[in-house]
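Novice: What follows is work_2.txt; its format and atoms are compact mmCIF, C-alpha atoms.
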```
# COMPACT_ATOMS: atom_id res chain seq x y z
CA MET V 22 45.58 18.43 -42.35
CA SER V 23 42.11 17.05 -41.79
CA ILE V 24 39.44 16.81 -39.12
CA TYR V 25 37.60 13.71 -37.91
CA CYS V 26 34.03 14.31 -38.98
CA PRO V 27 31.36 11.59 -39.28
CA ASN V 28 28.87 12.29 -42.07
CA TYR V 29 26.05 13.19 -39.67
CA TYR V 30 28.19 16.03 -38.26
CA LYS V 31 29.11 17.58 -41.63
CA GLN V 32 27.64 21.01 -42.30
CA PRO V 33 26.87 21.18 -46.05
CA SER V 34 25.43 24.69 -46.19
CA LEU V 35 27.92 27.24 -47.52
CA ALA V 36 25.71 30.06 -46.23
CA ILE V 37 25.78 28.66 -42.67
CA LEU V 38 29.55 28.13 -42.81
CA HIS V 39 30.00 31.74 -43.91
CA ARG V 40 27.69 32.97 -41.15
CA LEU V 41 29.81 31.30 -38.47
CA MET V 42 33.03 32.64 -40.03
CA LYS V 43 31.67 36.19 -39.94
CA GLN V 44 30.26 35.97 -36.43
CA PHE V 45 33.34 34.26 -34.94
CA ASN V 46 35.97 35.94 -37.10
CA PHE V 47 38.79 35.87 -34.54
CA ALA V 48 40.44 32.69 -35.76
CA MET V 49 43.63 30.65 -35.75
CA LEU V 50 45.96 30.70 -38.77
CA LEU V 51 47.96 27.46 -38.87
CA SER V 52 50.75 26.36 -41.20
CA VAL V 53 53.48 23.73 -41.02
CA GLY V 54 56.93 24.51 -42.41
CA ALA V 55 59.36 22.21 -44.20
CA ASP V 56 60.95 21.45 -40.83
CA GLY V 57 57.64 20.05 -39.59
CA VAL V 58 57.25 22.76 -36.96
CA PRO V 59 53.78 24.37 -36.88
CA SER V 60 53.33 28.14 -36.76
CA ILE V 61 50.15 29.65 -35.33
CA SER V 62 48.76 33.18 -35.31
CA HIS V 63 45.53 34.25 -33.61
CA ILE V 64 44.09 37.10 -35.68
CA PRO V 65 40.77 38.58 -36.86
CA PHE V 66 39.70 37.84 -40.43
CA THR V 67 37.35 39.48 -42.88
CA LEU V 68 35.46 37.13 -45.21
CA LYS V 69 34.82 38.38 -48.74
CA VAL V 70 32.35 36.49 -50.92
CA ASN V 71 31.39 37.01 -54.55
CA PRO V 72 27.60 37.58 -54.43
CA GLU V 73 27.27 36.60 -58.08
CA ASP V 74 28.79 33.16 -57.51
CA PRO V 75 26.73 31.00 -55.10
CA GLU V 76 29.52 28.41 -55.01
CA HIS V 77 32.31 30.84 -54.15
CA LYS V 78 33.91 29.55 -50.96
CA GLY V 79 35.25 33.01 -50.22
CA LYS V 80 38.45 34.93 -49.70
CA LEU V 81 39.91 35.73 -46.28
CA VAL V 82 41.88 38.91 -45.62
CA ALA V 83 43.80 39.74 -42.48
CA HIS V 84 47.03 41.25 -41.21
CA VAL V 85 49.82 40.40 -38.81
CA ALA V 86 52.54 42.43 -37.16
CA LYS V 87 55.67 42.60 -39.29
CA ALA V 88 57.55 41.46 -36.19
CA ASN V 89 55.54 38.22 -36.35
CA GLN V 90 57.76 35.95 -38.43
CA HIS V 91 54.81 33.79 -39.48
CA TRP V 92 54.13 35.90 -42.60
CA LYS V 93 57.53 35.06 -44.07
CA ALA V 94 56.36 31.48 -44.63
CA PHE V 95 53.86 32.83 -47.18
CA GLU V 96 56.16 35.22 -49.03
CA ASP V 97 56.80 32.85 -51.96
CA GLY V 98 53.08 32.13 -52.37
CA ASN V 99 53.43 28.36 -52.12
CA GLN V 100 52.85 27.59 -48.43
CA LYS V 101 49.44 26.08 -47.71
CA ALA V 102 47.64 26.99 -44.52
CA MET V 103 44.45 26.39 -42.60
CA VAL V 104 42.31 28.89 -40.71
CA ILE V 105 40.25 27.47 -37.84
CA PHE V 106 37.07 29.32 -36.87
CA GLN V 107 35.90 28.12 -33.47
CA GLY V 108 32.18 28.70 -33.13
CA PRO V 109 29.89 28.14 -30.14
CA HIS V 110 30.41 25.09 -27.93
CA ALA V 111 29.03 23.61 -24.73
CA TYR V 112 29.27 20.77 -22.23
CA ILE V 113 26.39 18.31 -22.62
CA SER V 114 25.12 16.70 -19.40
CA PRO V 115 23.53 13.22 -19.65
CA MET V 116 20.98 14.47 -17.12
CA TRP V 117 19.29 16.25 -20.01
CA TYR V 118 18.70 12.94 -21.82
CA GLU V 119 15.61 10.75 -21.61
CA ASN V 120 17.56 7.87 -20.07
CA PRO V 121 20.54 9.42 -18.18
CA PRO V 122 21.92 6.26 -16.49
CA ASN V 123 22.84 4.71 -19.86
CA LYS V 124 24.56 7.79 -21.28
CA VAL V 125 27.84 9.67 -20.75
CA PRO V 126 28.75 13.38 -20.96
CA THR V 127 30.12 14.93 -24.14
CA TRP V 128 31.10 18.31 -25.55
CA ASP V 129 29.27 19.69 -28.57
CA TYR V 130 30.57 22.41 -30.87
CA CYS V 131 30.55 24.08 -34.27
CA VAL V 132 33.81 24.69 -36.11
CA VAL V 133 34.93 25.62 -39.63
CA HIS V 134 38.28 24.81 -41.24
CA ALA V 135 39.22 26.95 -44.24
CA HIS V 136 42.10 25.77 -46.43
CA GLY V 137 44.08 27.88 -48.87
CA THR V 138 47.44 29.37 -49.87
CA PRO V 139 48.07 32.78 -48.27
CA LYS V 140 49.56 35.64 -50.28
CA THR V 141 51.36 38.48 -48.54
CA VAL V 142 50.31 42.10 -49.10
CA HIS V 143 52.91 44.87 -48.78
CA ASP V 144 51.28 47.69 -50.73
CA LYS V 145 50.37 50.50 -48.33
CA GLU V 146 46.97 51.30 -49.86
CA ALA V 147 46.02 47.62 -50.05
CA LYS V 148 46.89 47.17 -46.37
CA LYS V 149 44.89 50.27 -45.50
CA GLU V 150 41.89 48.80 -47.32
CA ILE V 151 42.20 45.58 -45.29
CA LEU V 152 42.20 47.56 -42.04
CA THR V 153 39.39 49.86 -43.14
CA GLU V 154 37.00 46.98 -43.81
CA LEU V 155 37.93 45.18 -40.59
CA VAL V 156 37.42 48.32 -38.51
CA ALA V 157 34.12 49.17 -40.21
CA ASN V 158 32.72 45.69 -39.52
CA SER V 159 34.01 45.65 -35.94
CA GLU V 160 32.80 49.15 -35.10
CA GLY V 161 29.39 48.28 -36.48
CA ALA V 162 29.19 45.34 -34.09
CA ALA V 163 30.56 47.37 -31.16
CA HIS V 164 28.12 50.23 -31.77
CA PRO V 165 24.94 48.71 -33.24
CA ASN V 166 23.01 51.96 -32.79
CA PRO V 167 23.42 53.79 -36.13
CA ASP V 168 23.12 57.12 -34.32
CA GLU V 169 26.11 56.32 -32.12
CA GLN V 170 29.46 57.68 -33.25
CA ARG V 171 31.90 55.05 -34.52
CA TRP V 172 35.66 55.19 -34.79
CA SER V 173 36.97 55.39 -38.35
CA MET V 174 40.40 55.31 -39.95
CA GLU V 175 40.19 59.08 -40.50
CA PHE V 176 40.08 59.66 -36.73
CA GLY V 177 43.58 58.31 -36.25
CA GLU V 178 45.02 58.96 -39.70
CA LYS V 179 48.50 59.93 -38.49
CA SER V 180 48.78 56.91 -36.19
CA VAL V 181 47.32 54.62 -38.85
CA ASN V 182 49.90 55.70 -41.42
CA VAL V 183 52.69 54.91 -38.97
CA GLN V 184 51.21 51.52 -38.11
CA LEU V 185 50.77 50.54 -41.76
CA SER V 186 54.53 50.14 -42.09
CA ALA V 187 54.53 47.78 -39.11
CA ILE V 188 52.08 45.22 -40.52
CA VAL V 189 51.88 42.75 -43.40
CA GLY V 190 48.57 41.97 -45.08
CA LEU V 191 47.38 38.48 -45.94
CA GLU V 192 44.92 37.25 -48.55
CA ILE V 193 43.71 33.65 -48.71
CA GLU V 194 41.50 32.41 -51.52
CA ILE V 195 39.68 29.47 -49.93
CA ASP V 196 40.20 26.15 -51.73
CA GLU V 197 38.30 23.96 -49.29
CA LEU V 198 35.82 24.54 -46.48
CA VAL V 199 34.96 21.90 -43.88
CA GLY V 200 32.33 22.50 -41.25
CA LYS V 201 31.75 20.18 -38.31
CA TRP V 202 28.51 20.71 -36.38
CA LYS V 203 28.54 18.29 -33.43
CA ALA V 204 25.04 18.84 -32.07
CA ASN V 205 23.78 15.41 -30.99
CA GLN V 206 22.43 14.62 -34.47
CA ASN V 207 22.92 10.91 -33.69
CA HIS V 208 20.55 11.08 -30.69
CA PRO V 209 16.76 10.73 -30.49
CA ILE V 210 14.68 13.90 -30.76
CA GLY V 211 13.83 13.72 -27.05
CA ASN V 212 17.52 13.91 -26.13
CA GLN V 213 18.12 16.77 -28.55
CA LYS V 214 15.24 18.83 -27.17
CA GLY V 215 16.30 18.00 -23.62
CA CYS V 216 19.80 19.33 -24.31
CA ILE V 217 18.49 22.53 -25.86
CA ALA V 218 16.24 23.16 -22.85
CA GLY V 219 19.02 22.22 -20.42
CA LEU V 220 21.53 24.56 -22.04
CA ARG V 221 19.10 27.47 -21.92
CA ALA V 222 18.42 26.81 -18.24
CA THR V 223 22.06 27.07 -17.09
CA GLY V 224 22.09 30.87 -17.21
CA ASN V 225 25.40 30.78 -19.10
CA VAL V 226 25.47 33.07 -22.15
CA GLY V 227 27.69 30.66 -24.10
CA ASP V 228 25.36 27.75 -23.39
CA ALA V 229 22.34 29.74 -24.56
CA GLN V 230 24.21 30.74 -27.70
CA PHE V 231 25.08 27.15 -28.53
CA ALA V 232 21.48 26.11 -27.84
CA ASP V 233 20.36 28.40 -30.67
CA TRP V 234 22.83 26.86 -33.12
CA MET V 235 21.96 23.36 -31.93
CA GLU V 236 18.24 23.99 -32.35
CA GLU V 237 18.77 25.29 -35.89
CA THR V 238 20.77 22.16 -36.77
CA CYS V 239 18.33 19.70 -35.18
CA GLN V 240 15.29 21.51 -36.56
CA GLN V 241 16.36 20.46 -40.04
CA LEU V 242 16.43 16.83 -38.88
CA TRP V 243 13.02 17.11 -37.21
CA GLU V 244 11.50 18.53 -40.38
CA LYS V 245 12.94 15.68 -42.45
CA LYS V 246 11.46 13.12 -40.06
CA GLU V 247 8.08 14.83 -40.20
CA GLU V 248 8.22 14.61 -44.00
CA GLY V 249 9.07 10.91 -43.76
CA GLY V 250 12.63 11.36 -44.99
CA SER V 251 15.93 10.14 -43.59
CA ALA V 252 17.66 12.22 -40.95
```
I'd like the structure from this file rewritten - as structure tokens, please.
Specialist:
Amino acid sequence: MSIYCPNYYKQPSLAILHRLMKQFNFAMLLSVGADGVPSISHIPFTLKVNPEDPEHKGKLVAHVAKANQHWKAFEDGNQKAMVIFQGPHAYISPMWYENPPNKVPTWDYCVVHAHGTPKTVHDKEAKKEILTELVANSEGAAHPNPDEQRWSMEFGEKSVNVQLSAIVGLEIEIDELVGKWKANQNHPIGNQKGCIAGLRATGNVGDAQFADWMEETCQQLWEKKEEGGSA
């Protein structure tokens, strides 16, 4: 499985890929069985990275309901899969360009594809650890004020212990990471800045969010041009 990605859309920074994967961690797990039929699960992931290895692509951990038959495809440890992290995206109006009559609309976006071979996790304590980390990260985002009380696994210990038998854990050591940042890199600076301003003026939260990612991407190109390098 691959993604169409011209060189100017490729995101080479591992740190930026990881940032998107952490911020947009509700992703799509996709695998194709021997019968050619794809299986898809939409689940939250936790990304674990070795801080001592700057080239470590990362390991993804997650869980699915035991009633979800998707996990059985990974039981023998040989089924490859892909996890798709959909980041920010936005409609791009030609009216934001310097010469609108000669342009057409498009849709820009940031996405990461993580490839690997999932392993199933059945051990109760290991599954509890997967949930504990996911909950801690999610509660931290839901309650950013450190003085605000956050839900923890201890709060619902009895219910958690019951639910542990109803899930299967998944671990995926990432073999390959592909990031596609479609942010008008092939357009003149005037068009890029016009799009960023236009997106921020729509009043749509998603548009404003993509404008930030687009500006970060294009800023690198602007700096290269200022230094006399190739964009």
Novice: Excluding segment 53-64 of chain V and any residue of its chain fewer than 2 positions from it, enumerate the residues within 10 Å of it, using all atoms listed in the file, and give them as number ranges by chain.
Specialist: V: 22, 46-51, 66, 83-85, 89-92, 94, 100-105
Novice: If we count only C-alpha atoms and set the cut-off at 8 Å, which residues sit around Leu38 of chain V, ignoring sequence neighbours fewer than 4 positions away in its own chain? Please answer as a ChimeraX atom specification.
Specialist: /V:32,34,42,133,200
Novice: Mind checking which residues fall within 9 Å of Ser186 of chain V, counting only C-alpha atoms, ignoring those fewer than 2 positions away in the same chain, and posting them as number ranges by chain?
Specialist: V: 87, 143, 145, 182-184, 188-189
Novice: What's the 10 Å shell around segment 209-217 of chain V, counting all atoms listed in the file, without same-chain residues fewer than 3 positions away, as an MDAnalysis selection string?
Specialist: chainID V and resid 112:121 204:206 220:222 228:229 231:236 239:240 242:243 246
Novice: Using only C-alpha atoms, pick whichever of V:Gly137, V:Gly177, V:Pro72, V:Gly224 has the shortest atom-to-atom distance to Val156 of chain V.
Specialist: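 Looking at the shortest contact to Val156 of chain V, the residue is V:Gly177.
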Novice: Choose the residue, out of V:Ala157, V:Val181, V:Ala111, V:Ile195, that has the smallest atom-to-atom separation from Lys140 of chain V; count only C-alpha atoms.
Specialist: V:Ile195
Novice: Atom CA of Cys26 of chain V and atom CA of Thr223 of chain V, how far apart in Å?
Specialist: 28.0 Å
Novice: I need the residue nearest Thr153 of chain V from this list: V:Ala36, V:Val226, V:Cys131, V:Leu185. Use only C-alpha atoms for the distance.
Specialist: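 Among V:Ala36, V:Val226, V:Cys131, V:Leu185, it is V:Leu185 that comes nearest to Thr153 of chain V.
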Novice: I'd like the interatomic distance between atom CA of Pro122 of chain V and atom CA of Lys203 of chain V, to a tenth of an Å.
Specialist: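 Answer for the atom CA of Pro122 of chain V to atom CA of Lys203 of chain V separation: 21.8 Å.
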Novice: What are the centre and the three edge lengths of an axis-aligned box that wraps all atoms of segment 176-181 of chain V in the file, given that 4 Å is added to every side, written as AutoDock Vina command-line options and rounded to one decimal in Å?
Specialist:
```
--center_x 44.4 --center_y 57.3 --center_z -37.9 --size_x 16.7 --size_y 13.3 --size_z 11.5
```
Novice: Do you have the atom CA of Asn207 of chain V-atom CA of Thr127 of chain V distance handy?
Specialist: 12.6 Å
Novice: For Tyr130 of chain V, which residue among V:Tyr29, V:Pro109, V:Gln170, V:Leu68 is the nearest when counting all atoms listed in the file?
Specialist: V:Pro109
Novice: Any idea what's packed within 10 Å of Ser23 of chain V, counting all atoms listed in the file, ignoring anything in its chain fewer than 6 positions away? Could you give it as a ChimeraX atom specification?
Specialist: /V:103,134,136,199
Novice: Just checking: using all atoms listed in the file, which residue out of V:Thr67, V:Gln44, V:Asn99, V:Thr238 ends up closest to Lys201 of chain V?
Specialist: V:Thr238
Novice: Measuring atom to atom with only C-alpha atoms, identify which of V:Leu35, V:Phe95, V:Phe106, V:Gln230 is nearest to Asp74 of chain V.
Specialist: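 Comparing V:Leu35, V:Phe95, V:Phe106, V:Gln230 against Asp74 of chain V, the winner is V:Leu35.
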